[in-house]
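Reviewing the structure listed below.
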Amino acid sequence: MNRIDLKYIWNLLLEKKKLLIIGQIITIIAILISVPIPLMLPALVDEVLLDKPSFFVENINAFFGNQNAFKYILIVTLAVVFLRAFHYIFSVLITKIFTNIAKFVTFKIREKLLKHLKSVSMNEYESLGSGAVTANLITDVNTLDSFIMSVASKLVTSILTLIAVGVVIIAIHPILGILIIVVQPFIMFLSRNIAKKTGTLKKEENEAISDFQNDVGESLDLFSQIKASNKEEYFFNNAISKAKNIQITSNKFNYKSVAYERFSFTLFLIVFEVLRAAGLVMVAYSDLSIGMMFAMFGYIWFIMTPVQEILSMQYSYMTAMAAIGRINKILALQKEPNGNKCFEKKGLNIDLKNVSFSYNKTKEVLKDININIKYGEKVALIGASGSGKTTLAQIIAGFYTKTNGTIKYNNIKIEELDKQCLRNEIFLVLQMPMLFNNTLRFNITMGDENINDEDIYKALKIAQLTDVVYSLENGLDTLVGKNGVRLSGGQRQRLSIARMIIANPSVVIFDESTSALDVQTESKLFCDLEDILKYKTVITIAHRLSTVKNANKIYVLDDGKIVQSGNHNELEQQEGHYLEFVKNQLI
Ligand SMILES: Nc1ncnc2c1ncn2[C@@H]1O[C@H](COP(=O)(O)OP(=O)(O)OP(=O)(O)O)[C@@H](O)[C@H]1O
């Protein structure tokens with residue numbers, strides 16, 4: 001199934017099996033180095049201060065001969081310092097290894113999401129929107145990253161440390177040892193319930209942030225529109241209220257999560273004191289020595305870190321599960337149907353039979369569309385605003401997936417076609433082309449570095465853009481700004497036409513692509529385009545009679561249906577929308 005879950009993450013981790021095993025071996029060595037440390041100096045209380053020589057004193061005597069108290073303490077202290085230094089080196093190594101593994105896994109997840117997004121159909125993509133998708137790709141994957149990092153490096157370390165310490169303390173004093181080991185799960189159980197509460201609060205905070213991000217992102221994108229409509233007050237007040245919501249939810253989350261965290265820590269400290277008291281009692285009433293009592297105190301303190309790590313892992317687990325839930329929303333987006341067939345020759349015959357389409361399953365935008373366009377034909381699409389012309393153009397270009405009916409190109413069903421082949425053949429020139437915040441060159445070639453400047457200038461000449469580019473100080477290297485804000489609407493439209501010339505498709509769809517041009521530039525443009533378009537299929541969505549008149553076939557759309565089709569002469573003879581259109585144009 002195409003979703004991310006713990007099993008999927010586990011399988012990714014297994015791809016780094018060797019590193020994982022090395023990491024775990026180093027982890028075990030680091031634990032073996034660190035676990036004896038709390039025991040070493042307290043042992044000298046008994047062995048040196050209370051004069052009951054045992055393991056340390058006997059071994060030092062065996063190696064260095066009899067020593068005085070100062071030297072015993074010095075030698076053991078040096079051993080502790082060395083062990084701590086080695087432990088430090090091993091823990092750095094562990095962090096390095098597990099960071100490498102975690103970053104590999106998160107890269108793989110981002111790669112999977114991007115590969116999926118690449119082939120998601122437009123209608124599905126629009127159901128989420130760019131704000132949510134960006135948040136998923138950045139914030140949620142980062143949440144997952146820290147979860148993987150802590151599970152891979154800290155979970156095993158913490159559990160093994162607890163086991164090792166458990167063995168040592170039970171060996172020192174079974175009753176006190178078991179008491180300590182039993183108390184830990186109790187605290188962990190309490191904290192797990194507490195952590196659950198912070199999970200919901202974090203969710204509320206994340207939702208408020210994403211809501212704000214979407215709102216501000218949109219307002220900033222449409223900044224000029226907002227100013228033009230004199231609606232700064234409304235939009236920015238709205239953004240401020242969303243910012244306020246972040247304040248409220250973050251406030252709640254931050255203080256409550258700290259309160260819950262501190263509560264569990266305070267609980268730990270109380271239990272710590274109770275266990276210390278139990279230690280004193282054991283010295284008074286059993287065979288626990290004073291030195292080993294200090295060692296037990298040390299271990300209670302020592303296991304605080306692994307216990308805290310395990311506690312924070314529960315929280316990290318919950319946020320990671322929430323992040324996975326959101327990430328899976330991307331993976332749940334349907335892919336556009338893609339086949340593997342490609343066209344054998346240049347030029348397409350396009351055939352639509354009983355095609356219908358709806359953006360949101362509630363209202364049909366296109367109904368029972370039947371269109372047949374032969375290779376090289378010049379076709380016009382007309383109809384009132386909102387009648388479905390752009391939608392139809394996008395369906396023909398394969399951007400949206402039809403709801404019903406059949407679409408064939410050279411007799412190959414759209415579902416069987418490799419979409420890249422289709423898009424190589426069809427170019428949709430939009431009324432408001434989207435531009436990258438990059439250079440003019442990049443926007444014309446779409447990043448294809450094999451296209452030379454000579455070809456670009458040829459395209460610019462036909463697109464009536466040469467003078468514009470020459471007038472710019474940096475020529476083709478001029479940055480166009482976000483969405484091409486530094487270019488006029490007409491310049492953007494011509495740039496899109498230059499893109500089409502470079503792409504050299506066999507079908508060109510003009511969707512009111514020259515609406516921002518003055519009549520003179522437009523007619524010069526089409527005159528210069530004539531040679532280029534001669535052997536191409538051209539579908540033009542237009543409002544001007546002059547553009548429509550010469551088409552081989554005109555389709556008239558009304559409320560998503562084709563109500564008339566034929567050439568100008570045929571349609572002019574019929575009562576109907578086309579005649580109305582002609583009359584209106586003449587007026
Ligand atoms: N991305 C979308 N999501 C949902 N509904 C949409 C979307 N794009 C268009 N529509 C709806 O589909 C219908 C047809 O829109 P379309 O843009 O195809 O009409 P049009 O004939 O090209 O209009 P115009 O001449 O104004 O450009 C409209 O009712 C519109 O609201």
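We name chains A, B, ... following the order of the structure tokens; residues begin at 1 in each chain, and ligands are numbered from 1 as shown.
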
Q | ligand 1 neighbours within 9 Å using only C-alpha atoms and all ligand atoms, as a PyMOL selection string | A | chain A and resi 122-123+126-127+358-360+363-366+382-394+431+511-512+541-543+557-560

Q.
Taking 4 positions as the minimum chain separation for residues in the same chain, which residues sit within 12 Å of range 6-17 of chain A when counting only C-alpha atoms? Answer as a ChimeraX atom specification.
A. /A:1-2,21-24,97-109,112,144-145,147-149,151-153,317,320-321,324-325

How would the residues just chosen look if you wrote them out with C-alpha atoms as a compact mmCIF listing (two decimals), in the first residue's frame?
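The result, stored in result_10.txt:
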# COMPACT_ATOMS: atom_id res chain seq x y z
CA MET A 1 0.00 0.00 0.00
CA ASN A 2 1.23 3.46 -0.82
CA ILE A 21 24.50 -2.89 13.55
CA ILE A 22 27.77 -0.95 13.99
CA GLY A 23 25.78 1.77 15.77
CA GLN A 24 24.20 -0.73 18.13
CA ILE A 97 25.98 7.13 12.84
CA PHE A 98 22.35 7.57 13.83
CA THR A 99 22.13 11.08 12.38
CA ASN A 100 23.34 9.63 9.12
CA ILE A 101 20.65 6.91 9.28
CA ALA A 102 17.85 9.32 10.27
CA LYS A 103 18.75 11.78 7.51
CA PHE A 104 18.80 8.92 5.01
CA VAL A 105 15.32 7.81 6.07
CA THR A 106 13.87 11.34 5.96
CA PHE A 107 15.43 11.94 2.56
CA LYS A 108 13.82 8.72 1.32
CA ILE A 109 10.45 9.85 2.70
CA LYS A 112 8.80 9.26 -2.00
CA LEU A 144 9.53 12.36 11.75
CA ASP A 145 13.25 12.98 11.46
CA PHE A 147 11.47 10.78 16.05
CA ILE A 148 13.58 8.40 13.96
CA MET A 149 16.74 9.92 15.35
CA VAL A 151 14.23 5.96 18.38
CA ALA A 152 17.27 4.74 16.45
CA SER A 153 19.84 6.17 18.82
CA TYR A 317 5.98 8.98 19.06
CA ALA A 320 5.38 11.51 14.75
CA MET A 321 2.16 9.51 14.33
CA ILE A 324 2.63 10.46 9.48
CA GLY A 325 -1.15 10.89 9.33

Q.
I need the residues in range 325-468 of chain A that are strand (DSSP E) according to DSSP; give them as a PyMOL selection string.
A. chain A and resi 350-357+366-373+378-383+404-409+412-413+426-429

Q: Compile the contact shell of range 564-572 of chain A as a ChimeraX atom specification: residues with an atom at most 6 Å away, counting only C-alpha atoms, same-chain residues fewer than 6 positions apart removed.
A: /A:549,552-556,579

For Lys583 in chain A, list every protein, DNA or RNA residue within 12 Å, evaluated using only C-alpha atoms, and leave out those in the same chain fewer than 6 positions away; present the list as a compact mmCIF listing (two decimals) with N, CA and C atoms, in the first residue's frame.
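What landed in around-v8.txt:
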# COMPACT_ATOMS: atom_id res chain seq x y z
N ARG A 544 -12.65 37.13 -29.73
CA ARG A 544 -12.73 38.05 -30.87
C ARG A 544 -13.13 37.30 -32.14
N LEU A 545 -14.08 37.87 -32.82
CA LEU A 545 -14.58 37.25 -34.05
C LEU A 545 -13.46 37.04 -35.05
N GLU A 572 -23.12 30.70 -39.04
CA GLU A 572 -23.73 32.02 -39.23
C GLU A 572 -25.16 31.90 -39.77
N GLU A 575 -29.77 29.89 -36.27
CA GLU A 575 -30.14 30.67 -35.08
C GLU A 575 -29.38 30.08 -33.91
N GLY A 576 -28.88 30.86 -33.01
CA GLY A 576 -28.22 30.25 -31.85
C GLY A 576 -27.13 31.13 -31.27
N HIS A 577 -26.34 30.54 -30.40
CA HIS A 577 -25.32 31.29 -29.66
C HIS A 577 -24.30 31.95 -30.59

Within 12 Å of range 397-402 of chain A: each range 425-456 of chain A residue with its shortest pair, only C-alpha atoms, as a Markdown table:
| residue | atom | partner | partner_atom | distance |
| --- | --- | --- | --- | --- |
| A:Glu425 | CA | A:Ala397 | CA | 9.0 |
| A:Ile426 | CA | A:Ala397 | CA | 6.0 |
| A:Phe427 | CA | A:Ala397 | CA | 7.2 |
| A:Leu428 | CA | A:Ala397 | CA | 6.9 |
| A:Val429 | CA | A:Ala397 | CA | 10.6 |
| A:Leu430 | CA | A:Ala397 | CA | 11.7 |

Q.
Quick one: residues within 12 Å of Ser546 in chain A, only C-alpha atoms, excluding same-chain residues fewer than 5 positions away - as a PyMOL selection string?
A. chain A and resi 380+519+522-523+526+540+551+568+581-582+585-586

**Q.** 12 Å contact set for Thr134 in chain A, only C-alpha atoms, chain neighbours under 5 positions out, as a PyMOL selection string
**A.** chain A and resi 110+113-114+117+128-129+139-142+210+213-214+217+326-327+330

Q: Name the closest residue to Ile89 in chain A among the candidates A:Ile33, A:Gln67, A:Lys115, A:Val274; distances are taken between atoms, counting only C-alpha atoms.
A: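 For Ile89 in chain A, the nearest of the given residues is A:Ile33.
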
Q: Report as a PyMOL selection string: the residues of range 277-342 of chain A with a DSSP assignment of helix (DSSP H, G or I), based on the backbone of this structure.
A: chain A and resi 277-285+290-302+304-331

Based on the selection just made, write C-alpha atoms of those residues as a PDB file, in the first residue's frame.
ATOM      1  CA  ALA A 277      15.444   7.029  52.353  1.00  0.00           C
ATOM      2  CA  ALA A 278      14.890   3.338  51.550  1.00  0.00           C
ATOM      3  CA  GLY A 279      18.680   3.083  50.975  1.00  0.00           C
ATOM      4  CA  LEU A 280      19.374   4.497  54.421  1.00  0.00           C
ATOM      5  CA  VAL A 281      16.883   2.042  55.937  1.00  0.00           C
ATOM      6  CA  MET A 282      18.595  -0.864  54.102  1.00  0.00           C
ATOM      7  CA  VAL A 283      21.987   0.174  55.523  1.00  0.00           C
ATOM      8  CA  ALA A 284      20.488   0.303  59.003  1.00  0.00           C
ATOM      9  CA  TYR A 285      18.576  -2.981  58.799  1.00  0.00           C
ATOM     10  CA  ILE A 290      27.513   2.670  53.083  1.00  0.00           C
ATOM     11  CA  GLY A 291      29.651   2.722  49.926  1.00  0.00           C
ATOM     12  CA  MET A 292      27.124   0.634  47.981  1.00  0.00           C
ATOM     13  CA  MET A 293      24.317   2.848  49.317  1.00  0.00           C
ATOM     14  CA  PHE A 294      26.075   5.825  47.708  1.00  0.00           C
ATOM     15  CA  ALA A 295      26.459   3.758  44.518  1.00  0.00           C
ATOM     16  CA  MET A 296      22.689   3.069  44.576  1.00  0.00           C
ATOM     17  CA  PHE A 297      22.030   6.826  44.975  1.00  0.00           C
ATOM     18  CA  GLY A 298      24.290   7.340  41.976  1.00  0.00           C
ATOM     19  CA  TYR A 299      22.355   4.765  39.932  1.00  0.00           C
ATOM     20  CA  ILE A 300      18.982   6.279  40.779  1.00  0.00           C
ATOM     21  CA  TRP A 301      20.373   9.520  39.387  1.00  0.00           C
ATOM     22  CA  PHE A 302      22.079   7.733  36.513  1.00  0.00           C
ATOM     23  CA  MET A 304      17.137   9.475  35.169  1.00  0.00           C
ATOM     24  CA  THR A 305      18.422  10.193  31.660  1.00  0.00           C
ATOM     25  CA  PRO A 306      17.265   6.929  30.017  1.00  0.00           C
ATOM     26  CA  VAL A 307      13.925   7.169  31.827  1.00  0.00           C
ATOM     27  CA  GLN A 308      13.466  10.749  30.651  1.00  0.00           C
ATOM     28  CA  GLU A 309      14.486   9.695  27.124  1.00  0.00           C
ATOM     29  CA  ILE A 310      11.845   6.986  27.129  1.00  0.00           C
ATOM     30  CA  LEU A 311       9.278   9.450  28.468  1.00  0.00           C
ATOM     31  CA  SER A 312      10.026  12.024  25.811  1.00  0.00           C
ATOM     32  CA  MET A 313       9.903   9.264  23.230  1.00  0.00           C
ATOM     33  CA  GLN A 314       6.236   8.716  23.979  1.00  0.00           C
ATOM     34  CA  TYR A 315       5.562  12.335  23.134  1.00  0.00           C
ATOM     35  CA  SER A 316       7.838  12.149  20.126  1.00  0.00           C
ATOM     36  CA  TYR A 317       5.975   8.984  19.056  1.00  0.00           C
ATOM     37  CA  MET A 318       2.622  10.736  19.239  1.00  0.00           C
ATOM     38  CA  THR A 319       3.702  13.793  17.284  1.00  0.00           C
ATOM     39  CA  ALA A 320       5.377  11.507  14.745  1.00  0.00           C
ATOM     40  CA  MET A 321       2.157   9.506  14.334  1.00  0.00           C
ATOM     41  CA  ALA A 322       0.242  12.749  13.800  1.00  0.00           C
ATOM     42  CA  ALA A 323       2.864  13.832  11.246  1.00  0.00           C
ATOM     43  CA  ILE A 324       2.631  10.459   9.477  1.00  0.00           C
ATOM     44  CA  GLY A 325      -1.151  10.890   9.328  1.00  0.00           C
ATOM     45  CA  ARG A 326      -0.753  14.232   7.566  1.00  0.00           C
ATOM     46  CA  ILE A 327       2.021  12.959   5.301  1.00  0.00           C
ATOM     47  CA  ASN A 328      -0.196  10.065   4.249  1.00  0.00           C
ATOM     48  CA  LYS A 329      -2.771  12.578   3.056  1.00  0.00           C
ATOM     49  CA  ILE A 330      -0.307  13.422   0.273  1.00  0.00           C
ATOM     50  CA  LEU A 331       0.203   9.768  -0.530  1.00  0.00           C
TER      51      LEU A 331
END

**Q.** Interatomic distance, CA of Lys346 in chain A to CA of Ser119 in chain A (Å, one decimal)
**A.** 24.1 Å

Q) What is the CA of Asp351 in chain A to CA of Lys378 in chain A distance in Å? A) 14.6 Å

Q.
Report, in Å to a single decimal, how far apart CA of Ala516 in chain A and CA of Gln225 in chain A are.
A.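 Result for CA of Gln225 in chain A versus CA of Ala516 in chain A: 17.4 Å, one decimal.
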
Q: Pick out the closest residue to Ile73 in chain A from this set: A:Ala228, A:Val167, A:Val48, A:Val216. Count only C-alpha atoms.
A: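 Ranking A:Ala228, A:Val167, A:Val48, A:Val216 by distance to Ile73 in chain A, first place goes to A:Val48.
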